[in-house]
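Source file query-v4.cif; content: mmCIF, C-alpha atoms.
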```cif
data_data
#
loop_
_atom_site.label_atom_id
_atom_site.label_comp_id
_atom_site.auth_asym_id
_atom_site.auth_seq_id
_atom_site.Cartn_x
_atom_site.Cartn_y
_atom_site.Cartn_z
CA MET A 1 39.57 18.58 13.32
CA THR A 2 38.83 17.66 16.93
CA GLY A 3 36.13 18.17 19.51
CA ALA A 4 32.42 17.48 19.68
CA GLY A 5 31.81 19.30 16.40
CA TYR A 6 33.66 16.70 14.33
CA PRO A 7 31.14 13.84 14.42
CA ARG A 8 28.28 16.31 14.00
CA SER A 9 29.98 17.82 10.94
CA LEU A 10 30.65 14.35 9.49
CA THR A 11 27.04 13.33 10.04
CA THR A 12 25.82 16.48 8.30
CA ARG A 13 28.07 15.83 5.32
CA LEU A 14 26.97 12.20 5.07
CA ARG A 15 23.33 13.23 5.18
CA SER A 16 23.93 15.67 2.34
CA LEU A 17 25.12 12.73 0.19
CA ARG A 18 22.02 10.66 0.94
CA PRO A 19 19.87 10.17 -2.19
CA ALA A 20 16.75 12.32 -2.11
CA ALA A 21 14.54 9.25 -2.64
CA PHE A 22 15.68 7.90 0.73
CA GLY A 23 13.84 10.79 2.36
CA ALA A 24 14.85 12.07 5.79
CA ASP A 25 14.99 10.82 9.35
CA PRO A 26 12.68 12.41 11.91
CA ALA A 27 14.36 14.84 14.26
CA GLY A 28 13.60 17.57 16.78
CA ALA A 29 9.97 18.07 17.79
CA ARG A 30 8.83 15.35 15.37
CA MET A 31 11.12 12.80 16.99
CA GLU A 32 9.96 13.85 20.44
CA ARG A 33 6.37 13.28 19.37
CA ILE A 34 7.32 9.85 18.00
CA ARG A 35 8.89 8.90 21.34
CA ARG A 36 5.64 9.82 23.12
CA SER A 37 3.54 7.63 20.82
CA PRO A 38 1.80 4.63 22.43
CA GLN A 39 3.00 2.65 19.38
CA PHE A 40 6.70 3.46 20.03
CA ALA A 41 8.71 1.23 22.36
CA ASP A 42 12.29 -0.01 22.60
CA GLY A 43 13.45 2.52 20.01
CA SER A 44 10.99 1.73 17.22
CA PHE A 45 7.32 1.62 16.24
CA GLN A 46 5.65 -1.67 17.12
CA ASN A 47 2.94 -3.74 15.46
CA PRO A 48 -0.33 -4.69 17.17
CA LEU A 49 0.90 -8.30 16.83
CA GLY A 50 4.42 -9.54 16.23
CA ALA A 51 5.26 -9.43 12.53
CA ARG A 52 7.99 -11.29 10.70
CA THR A 53 8.93 -9.35 7.62
CA ARG A 54 11.39 -11.44 5.62
CA PRO A 55 12.71 -14.96 5.10
CA SER A 56 16.00 -15.85 6.78
CA GLY A 57 18.43 -18.74 6.96
CA ALA A 58 17.30 -21.88 5.15
CA SER A 59 13.98 -20.30 4.22
CA LEU A 60 15.81 -17.45 2.45
CA ALA A 61 17.66 -19.93 0.24
CA GLU A 62 14.41 -21.78 -0.46
CA PHE A 63 12.67 -18.52 -1.31
CA ALA A 64 15.44 -17.46 -3.70
CA LYS A 65 15.22 -20.80 -5.51
CA ILE A 66 11.46 -20.37 -6.01
CA TYR A 67 11.69 -16.69 -6.90
CA PHE A 68 14.21 -17.14 -9.68
CA GLN A 69 12.70 -20.27 -11.22
CA ARG A 70 12.17 -19.54 -14.91
CA GLU A 71 8.59 -20.76 -15.28
CA ALA A 72 7.51 -18.94 -12.12
CA ARG A 73 9.14 -15.71 -13.33
CA VAL A 74 7.17 -15.84 -16.58
CA ARG A 75 3.86 -16.20 -14.74
CA ARG A 76 4.58 -13.17 -12.53
CA ALA A 77 3.91 -10.80 -15.42
CA PRO A 78 1.03 -10.50 -17.91
CA ALA A 79 1.43 -12.12 -21.32
CA GLY A 80 0.35 -8.94 -23.14
CA PRO A 81 -0.67 -5.32 -22.56
CA VAL A 82 -2.90 -4.90 -19.51
CA PRO A 83 -6.27 -3.56 -20.68
CA LEU A 84 -6.81 -0.06 -19.29
CA HIS A 85 -10.08 1.83 -19.09
CA PRO A 86 -10.00 4.07 -22.20
CA THR A 87 -11.99 7.13 -21.03
CA THR A 88 -10.71 7.84 -17.51
CA ARG A 89 -10.06 11.53 -18.14
CA ALA A 90 -13.56 12.20 -19.53
CA ASP A 91 -15.28 10.11 -16.87
CA LEU A 92 -13.61 11.99 -14.02
CA ALA A 93 -14.77 15.33 -15.42
CA VAL A 94 -18.35 14.41 -14.45
CA PRO A 95 -19.13 14.47 -10.66
CA PRO A 96 -20.36 11.18 -9.15
CA ALA A 97 -24.15 11.10 -9.07
CA SER A 98 -24.24 9.15 -5.80
CA GLY A 99 -21.63 11.26 -4.03
CA LEU A 100 -19.16 8.35 -3.85
CA ARG A 101 -16.85 7.15 -6.61
CA LEU A 102 -13.61 5.17 -6.59
CA THR A 103 -11.08 4.98 -9.41
CA TRP A 104 -8.35 2.38 -9.05
CA MET A 105 -5.23 3.57 -10.88
CA GLY A 106 -3.28 0.36 -10.30
CA HIS A 107 -1.50 -1.14 -7.28
CA SER A 108 -2.72 0.78 -4.19
CA SER A 109 -3.35 4.12 -5.91
CA VAL A 110 -7.01 5.10 -5.71
CA LEU A 111 -8.79 8.39 -6.38
CA ALA A 112 -11.71 8.51 -3.94
CA GLU A 113 -14.45 11.10 -4.41
CA ILE A 114 -16.57 11.16 -1.28
CA ASP A 115 -19.25 13.71 -0.40
CA GLY A 116 -17.53 16.50 -2.29
CA ALA A 117 -13.98 15.70 -1.14
CA ARG A 118 -11.40 14.30 -3.55
CA LEU A 119 -8.74 12.12 -1.92
CA LEU A 120 -5.79 10.44 -3.63
CA PHE A 121 -4.52 7.36 -1.78
CA ASP A 122 -0.91 6.15 -2.15
CA PRO A 123 -0.30 7.77 -5.55
CA VAL A 124 2.55 6.16 -7.51
CA TRP A 125 2.94 7.57 -11.02
CA GLY A 126 6.65 6.77 -11.34
CA GLU A 127 7.98 4.11 -13.70
CA ARG A 128 9.68 2.14 -10.93
CA CYS A 129 8.96 1.66 -7.24
CA SER A 130 12.59 2.08 -6.30
CA PRO A 131 15.03 4.76 -5.15
CA PHE A 132 16.78 4.41 -8.51
CA ALA A 133 15.58 5.22 -12.02
CA PHE A 134 17.62 2.36 -13.53
CA ALA A 135 16.73 -0.54 -11.22
CA GLY A 136 13.87 -1.96 -9.22
CA PRO A 137 10.37 -3.23 -10.06
CA LYS A 138 9.07 -1.57 -13.21
CA ARG A 139 5.46 -0.88 -14.16
CA LEU A 140 3.58 -3.69 -15.86
CA HIS A 141 1.10 -1.20 -17.34
CA PRO A 142 1.06 2.56 -18.00
CA VAL A 143 -0.76 4.90 -15.64
CA PRO A 144 -4.40 5.16 -16.82
CA ALA A 145 -4.30 8.97 -16.80
CA PRO A 146 -1.70 11.67 -16.09
CA LEU A 147 -1.82 13.36 -12.69
CA ALA A 148 -2.98 16.60 -14.28
CA ALA A 149 -6.05 14.83 -15.67
CA LEU A 150 -7.32 14.04 -12.18
CA GLY A 151 -8.23 17.65 -11.47
CA SER A 152 -7.94 19.23 -8.05
CA VAL A 153 -7.29 16.95 -5.08
CA HIS A 154 -8.13 18.06 -1.55
CA ALA A 155 -5.79 15.60 0.17
CA VAL A 156 -3.12 13.06 -0.68
CA VAL A 157 -3.33 10.18 1.80
CA ILE A 158 -0.25 8.01 2.40
CA SER A 159 -0.34 4.65 4.19
CA HIS A 160 3.42 4.21 4.76
CA ASP A 161 6.81 5.07 3.34
CA HIS A 162 7.69 2.07 1.12
CA TYR A 163 8.52 2.92 -2.48
CA ASP A 164 5.40 1.35 -3.96
CA HIS A 165 3.25 3.67 -1.81
CA LEU A 166 5.34 6.83 -1.38
CA ASP A 167 6.88 7.86 -4.70
CA LEU A 168 9.29 10.80 -4.84
CA PRO A 169 8.50 12.11 -8.37
CA THR A 170 4.77 11.82 -7.74
CA ILE A 171 4.95 13.66 -4.41
CA ARG A 172 7.06 16.44 -5.92
CA ALA A 173 4.51 16.88 -8.69
CA LEU A 174 1.65 17.00 -6.20
CA ALA A 175 3.54 19.34 -3.86
CA ALA A 176 3.23 22.02 -6.53
CA THR A 177 -0.57 21.84 -6.45
CA GLY A 178 -1.15 23.17 -2.93
CA THR A 179 -2.92 20.03 -1.73
CA VAL A 180 -2.86 18.75 1.86
CA PHE A 181 -0.95 15.56 2.72
CA ALA A 182 -2.33 13.20 5.38
CA VAL A 183 0.43 10.82 6.52
CA PRO A 184 1.29 8.53 9.45
CA LEU A 185 3.52 9.89 12.20
CA GLY A 186 7.15 10.26 11.07
CA VAL A 187 6.45 10.13 7.33
CA GLY A 188 6.26 13.92 7.24
CA ALA A 189 10.06 14.08 7.48
CA HIS A 190 10.33 12.61 3.98
CA LEU A 191 7.78 15.01 2.53
CA GLU A 192 9.40 18.09 4.06
CA ARG A 193 12.71 17.11 2.47
CA TRP A 194 10.91 16.87 -0.87
CA GLY A 195 9.42 20.34 -0.69
CA VAL A 196 6.07 19.94 1.09
CA ALA A 197 5.49 22.85 3.47
CA PRO A 198 4.95 21.82 7.12
CA ASP A 199 1.62 23.66 7.27
CA ARG A 200 0.27 21.37 4.54
CA LEU A 201 1.03 18.21 6.51
CA ARG A 202 -1.50 16.36 8.65
CA GLU A 203 0.75 13.87 10.46
CA LEU A 204 -1.24 11.40 12.55
CA ASP A 205 -0.66 8.64 15.05
CA TRP A 206 -3.05 5.70 15.12
CA ASN A 207 -6.58 6.72 16.14
CA GLU A 208 -5.94 10.40 15.50
CA THR A 209 -8.26 12.28 13.16
CA THR A 210 -8.03 15.30 10.90
CA GLN A 211 -10.72 17.01 8.85
CA VAL A 212 -10.24 17.96 5.20
CA ALA A 213 -12.89 19.33 2.83
CA GLY A 214 -15.74 18.27 5.09
CA VAL A 215 -14.65 14.65 5.67
CA ARG A 216 -12.84 13.07 8.62
CA LEU A 217 -9.68 11.06 8.01
CA THR A 218 -8.57 8.76 10.80
CA ALA A 219 -5.26 6.89 10.83
CA THR A 220 -6.11 3.37 11.99
CA PRO A 221 -3.83 0.45 12.93
CA ALA A 222 -2.15 -1.87 10.43
CA ARG A 223 0.35 -4.74 10.68
CA HIS A 224 3.35 -3.86 8.55
CA PHE A 225 6.68 -2.00 8.77
CA CYS A 226 8.53 0.98 7.29
CA GLY A 227 11.84 1.87 5.66
CA ARG A 228 13.41 3.63 2.68
CA GLY A 229 17.14 3.91 3.34
CA LEU A 230 20.02 1.56 4.05
CA ARG A 231 18.99 1.43 7.69
CA ASN A 232 15.48 0.65 8.89
CA ARG A 233 15.04 2.17 12.32
CA GLN A 234 11.23 1.94 12.36
CA HIS A 235 10.87 5.68 13.01
CA ALA A 236 7.99 6.13 10.57
CA LEU A 237 4.59 4.66 11.34
CA TRP A 238 2.39 2.67 8.94
CA ALA A 239 -1.40 2.99 8.92
CA SER A 240 -4.69 2.13 7.32
CA TRP A 241 -7.25 4.91 6.87
CA ALA A 242 -10.93 5.29 7.72
CA VAL A 243 -12.75 8.17 6.01
CA ALA A 244 -16.16 9.45 7.07
CA GLY A 245 -18.19 12.03 5.17
CA PRO A 246 -21.70 13.33 5.86
CA GLU A 247 -23.22 10.51 3.77
CA HIS A 248 -20.55 7.87 3.09
CA ARG A 249 -17.71 5.95 4.71
CA ILE A 250 -14.72 4.25 3.10
CA TYR A 251 -11.59 2.40 4.25
CA HIS A 252 -8.12 1.95 2.71
CA SER A 253 -6.00 -0.83 4.19
CA GLY A 254 -2.57 0.27 3.00
CA ASP A 255 -0.27 -2.74 3.43
CA THR A 256 -1.05 -5.06 6.31
CA GLY A 257 -1.09 -8.61 7.49
CA TYR A 258 -4.31 -9.97 8.88
CA PHE A 259 -4.95 -9.20 12.57
CA PRO A 260 -8.01 -9.09 14.83
CA GLY A 261 -7.91 -5.27 14.95
CA PHE A 262 -10.02 -5.07 11.79
CA ARG A 263 -13.05 -5.84 13.93
CA ASP A 264 -12.25 -2.90 16.23
CA ILE A 265 -11.73 -0.56 13.27
CA GLY A 266 -15.08 -1.59 11.84
CA ALA A 267 -16.84 -1.16 15.17
CA GLY A 268 -15.35 2.31 15.65
CA HIS A 269 -15.53 3.71 12.12
CA GLY A 270 -17.77 1.47 10.00
CA PRO A 271 -19.65 -0.08 8.49
CA PHE A 272 -18.19 1.15 5.21
CA ASP A 273 -19.81 1.73 1.85
CA ALA A 274 -16.57 0.50 0.31
CA THR A 275 -13.28 -0.96 1.46
CA MET A 276 -10.02 -0.94 -0.48
CA ILE A 277 -8.15 -4.04 0.67
CA GLN A 278 -4.59 -5.25 -0.04
CA ILE A 279 -4.73 -8.74 -1.59
CA GLY A 280 -1.43 -8.99 -3.51
CA ALA A 281 2.35 -9.36 -2.94
CA TYR A 282 1.79 -12.00 -0.26
CA SER A 283 3.99 -14.98 0.43
CA GLU A 284 4.33 -17.75 2.97
CA TYR A 285 7.84 -16.33 3.52
CA TRP A 286 6.47 -13.04 4.95
CA PRO A 287 3.06 -14.17 6.25
CA ASP A 288 2.48 -11.43 8.79
CA ILE A 289 2.76 -8.24 6.74
CA HIS A 290 0.71 -8.86 3.55
CA MET A 291 -2.67 -10.59 3.26
CA THR A 292 -3.68 -13.35 0.90
CA PRO A 293 -6.97 -12.86 -1.00
CA ALA A 294 -8.82 -15.03 1.52
CA GLU A 295 -7.38 -13.02 4.39
CA GLY A 296 -8.30 -9.81 2.61
CA MET A 297 -11.89 -11.00 2.35
CA ARG A 298 -11.84 -11.95 6.01
CA ALA A 299 -10.62 -8.42 6.84
CA HIS A 300 -13.40 -6.89 4.72
CA LEU A 301 -16.02 -8.93 6.57
CA ASP A 302 -14.50 -8.01 9.94
CA LEU A 303 -14.64 -4.33 9.01
CA GLN A 304 -18.33 -4.76 8.15
CA GLY A 305 -19.25 -6.35 11.46
CA GLY A 306 -19.11 -9.88 10.09
CA ARG A 307 -21.71 -9.29 7.38
CA PRO A 308 -21.10 -9.21 3.60
CA SER A 309 -22.17 -5.57 3.23
CA GLY A 310 -20.66 -2.75 1.19
CA ALA A 311 -18.27 -3.31 -1.70
CA MET A 312 -14.68 -4.51 -1.58
CA LEU A 313 -12.12 -3.16 -4.07
CA PRO A 314 -9.02 -5.40 -4.22
CA ILE A 315 -5.80 -3.35 -4.37
CA HIS A 316 -2.02 -3.87 -4.30
CA TRP A 317 -1.84 -6.12 -7.34
CA GLY A 318 -1.47 -6.00 -11.12
CA THR A 319 1.01 -3.12 -11.49
CA PHE A 320 4.35 -4.32 -10.07
CA ASN A 321 6.00 -7.72 -9.70
CA LEU A 322 6.70 -7.87 -5.96
CA ALA A 323 6.18 -11.49 -4.85
CA PRO A 324 6.52 -15.11 -6.06
CA HIS A 325 2.84 -15.64 -6.86
CA PRO A 326 1.51 -15.48 -10.45
CA TRP A 327 0.38 -12.06 -11.68
CA SER A 328 -3.31 -12.99 -11.91
CA GLU A 329 -3.53 -15.07 -8.74
CA PRO A 330 -4.64 -12.23 -6.39
CA ALA A 331 -7.62 -11.42 -8.63
CA GLU A 332 -8.60 -15.05 -9.05
CA GLY A 333 -8.30 -15.67 -5.32
CA THR A 334 -10.39 -12.62 -4.47
CA ALA A 335 -13.13 -13.60 -6.91
CA ALA A 336 -13.23 -17.08 -5.38
CA ALA A 337 -13.34 -15.70 -1.82
CA ALA A 338 -16.17 -13.34 -2.74
CA ALA A 339 -18.19 -16.14 -4.30
CA GLU A 340 -17.74 -18.26 -1.18
CA SER A 341 -18.64 -15.48 1.27
CA GLY A 342 -21.39 -13.75 -0.72
CA ALA A 343 -19.57 -10.41 -0.49
CA ALA A 344 -19.79 -7.83 -3.27
CA ILE A 345 -16.49 -7.04 -4.99
CA ALA A 346 -15.54 -4.53 -7.66
CA LEU A 347 -13.15 -5.71 -10.38
CA PRO A 348 -12.40 -2.58 -12.43
CA ARG A 349 -9.75 -2.27 -15.06
CA PRO A 350 -7.07 0.25 -14.06
CA GLY A 351 -8.58 3.71 -14.50
CA GLU A 352 -12.21 2.56 -14.50
CA PRO A 353 -14.35 4.70 -12.14
CA PHE A 354 -17.30 3.11 -10.36
CA GLU A 355 -19.84 4.18 -7.75
CA PRO A 356 -20.08 1.54 -5.00
CA THR A 357 -23.58 2.52 -3.87
CA ALA A 358 -25.15 3.05 -7.29
CA GLY A 359 -25.80 0.35 -9.87
CA ALA A 360 -23.82 -2.74 -10.76
CA LEU A 361 -20.16 -3.08 -9.81
CA PRO A 362 -17.48 -3.85 -12.45
CA ALA A 363 -17.45 -7.64 -12.59
CA GLU A 364 -15.62 -8.77 -15.75
CA HIS A 365 -12.60 -11.02 -15.21
CA TRP A 366 -10.59 -8.91 -17.64
CA TRP A 367 -7.17 -10.10 -16.44
CA ARG A 368 -7.75 -13.59 -17.85
CA ALA A 369 -7.18 -12.35 -21.39
CA VAL A 370 -3.53 -11.54 -20.61
CA ALA A 371 -2.66 -13.98 -17.79
CA VAL A 372 -0.02 -16.60 -18.51
CA PRO A 373 -1.88 -19.92 -18.12
CA ASP A 374 -0.72 -22.50 -15.66
CA ARG A 375 0.39 -25.95 -16.80
CA SER A 376 -3.18 -27.24 -16.78
CA GLY A 377 -4.12 -24.48 -19.24
CA GLY A 378 -6.33 -22.49 -16.87
CA PRO A 379 -5.90 -18.86 -15.86
CA GLY A 380 -6.52 -19.39 -12.13
CA ALA A 381 -4.24 -19.88 -9.17
CA PRO A 382 -2.29 -23.14 -9.22
CA ALA A 383 -3.08 -25.85 -6.71
CA GLY A 384 -1.34 -25.27 -3.41
CA SER A 385 -0.87 -21.53 -3.88
CA PRO A 386 -0.94 -19.55 -0.59
CA VAL A 387 -4.38 -17.96 -0.85
CA THR A 388 -5.95 -19.58 2.19
CA VAL A 389 -6.63 -17.87 5.51
CA ARG A 390 -3.96 -18.31 8.15
CA GLU A 391 -4.45 -17.63 11.80
CA ALA A 392 -2.83 -14.33 12.74
CA GLY A 393 0.77 -14.94 13.72
CA SER A 394 1.20 -18.29 11.98
CA ALA A 395 4.10 -18.91 9.63
CA PRO A 396 6.02 -21.77 8.08
CA ALA A 397 9.00 -23.05 10.01
CA GLY A 398 12.20 -21.13 9.47
CA VAL A 399 10.68 -17.76 8.64
CA GLY A 400 12.68 -15.17 10.53
CA SER A 401 11.98 -11.75 11.93
CA GLY A 402 13.59 -8.35 11.92
CA PRO A 403 13.75 -5.21 9.81
CA GLY A 404 13.68 -5.34 6.05
CA GLY A 405 11.55 -7.91 4.24
CA PRO A 406 10.00 -8.24 0.84
CA GLU A 407 10.17 -4.46 0.68
CA GLY A 408 13.11 -4.32 3.04
CA THR A 409 16.51 -2.69 3.20
CA GLY A 410 14.95 0.48 1.95
CA GLY A 411 12.90 -1.44 -0.57
CA THR A 412 15.74 -3.07 -2.50
CA GLY A 413 17.33 -5.69 -0.25
CA THR A 414 15.37 -8.84 -1.11
CA PRO A 415 13.35 -9.88 -4.13
CA GLY A 416 10.09 -8.01 -4.14
CA LEU A 417 10.88 -4.35 -3.76
#
```

So, in terms of structure tokens, how does the structure I just supplied come out?
Amino acid sequence: MTGAGYPRSLTTRLRSLRPAAFGADPAGARMERIRRSPQFADGSFQNPLGARTRPSGASLAEFAKIYFQREARVRRAPAGPVPLHPTTRADLAVPPASGLRLTWMGHSSVLAEIDGARLLFDPVWGERCSPFAFAGPKRLHPVPAPLAALGSVHAVVISHDHYDHLDLPTIRALAATGTVFAVPLGVGAHLERWGVAPDRLRELDWNETTQVAGVRLTATPARHFCGRGLRNRQHALWASWAVAGPEHRIYHSGDTGYFPGFRDIGAGHGPFDATMIQIGAYSEYWPDIHMTPAEGMRAHLDLQGGRPSGAMLPIHWGTFNLAPHPWSEPAEGTAAAAAESGAAIALPRPGEPFEPTAGALPAEHWWRAVAVPDRSGGPGAPAGSPVTVREAGSAPAGVGSGPGGPEGTGGTGTPGL
């Protein structure tokens, strides 16, 4: 076979062999829109600040040594079954009295009921956050309730396309419900391949807004990266989300490193009745794309105009083993940061609904019952663990840059995801 049709035919055949979990690359009108984005330059989406996403060289060898150390591996998982909220299904059948209720389902998955709208953020109901059913990080606890038990959902809101936030079996199940999907620019290509009709997609660039069920959803900046396949061309955007209803406002960080833009998001869309902030899967080896607990608290305060108002729900921890830190360290670090700042935090068990503006917040340190103790016998973070605030852009010597990362090479290239 010769001529211009040969490479096109070969490309088509190779794409047909691509695993469905890898999703699809943007093309056509979607790709043209991506190229016009203010966030797109030099062939890829860019961060608001430079972001190193993985260890390299000597630091990669050092990271591998730490990651595979036996004692450290043991502490990255709970010592027993994670205690789940036992009555999630029954609790969700009753509407929130205050008009605002959050139910953390583990990791970054949150059902948010706000002023009559029901939004499901980053739903991951699969057993592994991986393109493969036989490999990759496996759940450390069951889902608190089946998808069907959640009832109708007006919109599924996705922060970015990594496997621990965009899960193929979960999306296919939700695609059958008729719900709307709000996603960052470029992510819609994956969903269309998986059976979501284009007219049910709300695909947004940063600072664009859509309205669903009487609330406004705005895609806001974040400091992270994308990628699901063997190549990472940065053609899908990542985002945080600000949601405004007639009476309440909430914020979901997705995955992000700390950056000064939180102040701008808060000034433009806050203050918020509740924030859902990533505080887990951090490491000094990828300091720019995940926040420590202290940085997460700093982001929460920035979003609230510098004041400890509203409630912070720590997310992105407890469900998958994605980083070198101990399993319970993100919760301990967040509790310590809240005590120091005077901010209100919610510490629900997975599946435990709470209303941020009504009554007391869940406050029990439930994870301590199943945390593997450190050598001193305590459940908290060990001395020297990376839970302090770094200045945006700082990193230990030797940490490299480039595509991939702790969730890189399509989510399977380095330890983490």

Enumerate, as a list of chain:residue names, the protein, DNA and RNA residues whose atoms approach (-6.5, 2.5, -4.9) to within 9 Å, taking into account all atoms listed in the file and the coordinate frame of the file. A:Leu102, A:Thr103, A:Trp104, A:Met105, A:Gly106, A:His107, A:Ser108, A:Ser109, A:Val110, A:Leu111, A:Ala112, A:Leu120, A:Phe121, A:Asp122, A:Pro123, A:His252, A:Met276, A:Ile277, A:Leu313, A:Pro314, A:Ile315, A:His316

Enumerate, as number ranges by chain, the residues matched when the PyMOL selection byres ((chain A and resi 239) around 6) is run on the file above. A: 159, 219-222, 238, 240

Spatial neighbours of range 253-260 of chain A, max dist 7 Å, all atoms listed in the file, sep filter under 2 positions, as JSON, numbers by chain: {"A": [159, 222, 223, 224, 239, 240, 241, 251, 262, 263, 276, 277, 278, 288, 289, 290, 291, 295, 299, 392]}

Show me, as a Markdown table, the residues of range 160-260 of chain A having an atom within 7 Å of range 134-154 of chain A, each with the closest atom pair and its distance in Å, using only C-alpha atoms.
```
| residue | atom | partner | partner_atom | distance |
| --- | --- | --- | --- | --- |
| A:Thr179 | CA | A:His154 | CA | 5.6 |
| A:Val180 | CA | A:His154 | CA | 6.3 |
| A:Ala213 | CA | A:His154 | CA | 6.6 |
```

Might you pull out every residue within 10 Å of Ala242 in chain A, with all atoms listed in the file counted and same-chain residues fewer than 3 positions away left off, and present them as a PyMOL selection string? chain A and resi 207+209+216-220+239+249-253+265-266+268-270+272+275

How many Å separate CA of Pro96 in chain A from CA of Ala358 in chain A? 9.6 Å

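Of the listed residues A:Ala346, A:Leu185, A:Ile114, A:Leu201, the one whose atoms come nearest to Val156 in chain A is A:Leu201, with distances taken using only C-alpha atoms.
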
Resolved residues for the PyMOL selection byres ((chain A and resi 187) around 9) as a CSV table (one decimal) with C-alpha atoms, in the frame of the given file:
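In the end it all went to part09.csv:
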```csv
chain,number,residue,atom,x,y,z
A,23,GLY,CA,13.8,10.8,2.4
A,24,ALA,CA,14.8,12.1,5.8
A,25,ASP,CA,15.0,10.8,9.4
A,26,PRO,CA,12.7,12.4,11.9
A,158,ILE,CA,-0.2,8.0,2.4
A,160,HIS,CA,3.4,4.2,4.8
A,161,ASP,CA,6.8,5.1,3.3
A,183,VAL,CA,0.4,10.8,6.5
A,184,PRO,CA,1.3,8.5,9.4
A,185,LEU,CA,3.5,9.9,12.2
A,186,GLY,CA,7.2,10.3,11.1
A,188,GLY,CA,6.3,13.9,7.2
A,189,ALA,CA,10.1,14.1,7.5
A,190,HIS,CA,10.3,12.6,4.0
A,191,LEU,CA,7.8,15.0,2.5
A,203,GLU,CA,0.8,13.9,10.5
A,235,HIS,CA,10.9,5.7,13.0
A,236,ALA,CA,8.0,6.1,10.6
A,237,LEU,CA,4.6,4.7,11.3
A,238,TRP,CA,2.4,2.7,8.9
```

Can you pull out the residues contacting Glu71 in chain A? Cut-off 12 Å, using all atoms listed in the file, and skip same-chain residues under 5 positions away; I want them as an NGL selection string. :A and (65-66 or 76-77 or 324-326 or 372-375)

Prev. selection, C-alpha atoms, output as a compact mmCIF listing (two decimals), keeping the file's coordinate frame:
```
# COMPACT_ATOMS: atom_id res chain seq x y z
CA LYS A 65 15.22 -20.80 -5.51
CA ILE A 66 11.46 -20.37 -6.01
CA ARG A 76 4.58 -13.17 -12.53
CA ALA A 77 3.91 -10.80 -15.42
CA PRO A 324 6.52 -15.11 -6.06
CA HIS A 325 2.84 -15.64 -6.86
CA PRO A 326 1.51 -15.48 -10.45
CA VAL A 372 -0.02 -16.60 -18.51
CA PRO A 373 -1.88 -19.92 -18.12
CA ASP A 374 -0.72 -22.50 -15.66
CA ARG A 375 0.39 -25.95 -16.80
```

May I have the protein, DNA and RNA residues with any atom at most 6 Å from the point (13.3, 14.0, -1.6), counting all atoms listed in the file, written as a count of residues only? 5

Where does the PyMOL selection byres ((chain A and resi 85) around 8) land in this file, that is, which residues does it pick, as a PyMOL selection string? chain A and resi 83-84+86-88+144+349-352

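For the atom pair formed by CA of Ala27 in chain A and CA of Leu174 in chain A, the distance is 24.2 Å, given to one decimal.
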
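Taking CA of Thr334 in chain A and CA of Met312 in chain A as the two end points, the separation is 9.6 Å.
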
Name the closest residue to Pro246 in chain A among the candidates A:Cys129, A:Leu100, A:Ala155, A:Ala338; distances are taken between atoms, counting all atoms listed in the file. A:Leu100

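Closest to Val124 in chain A among A:Ser44, A:Ser328, A:Thr319, A:Ser98 is A:Thr319, based on only C-alpha atoms.
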
Residues near Val370 in chain A, anyone? I mean within 7 Å using all atoms listed in the file, not counting same-chain ones fewer than 5 positions away, as a PyMOL selection string. chain A and resi 78-80+82

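Of the listed residues (A:Ala344, A:Val212, A:Ala72, A:Ala267), A:Ala344 comes nearest to Met297 in chain A; the distances count all atoms listed in the file.
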
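Checking A:Ala343, A:Val215, A:Ala29, A:Leu322 one by one against Gln304 in chain A, counting only C-alpha atoms, you find the shortest gap at A:Ala343.
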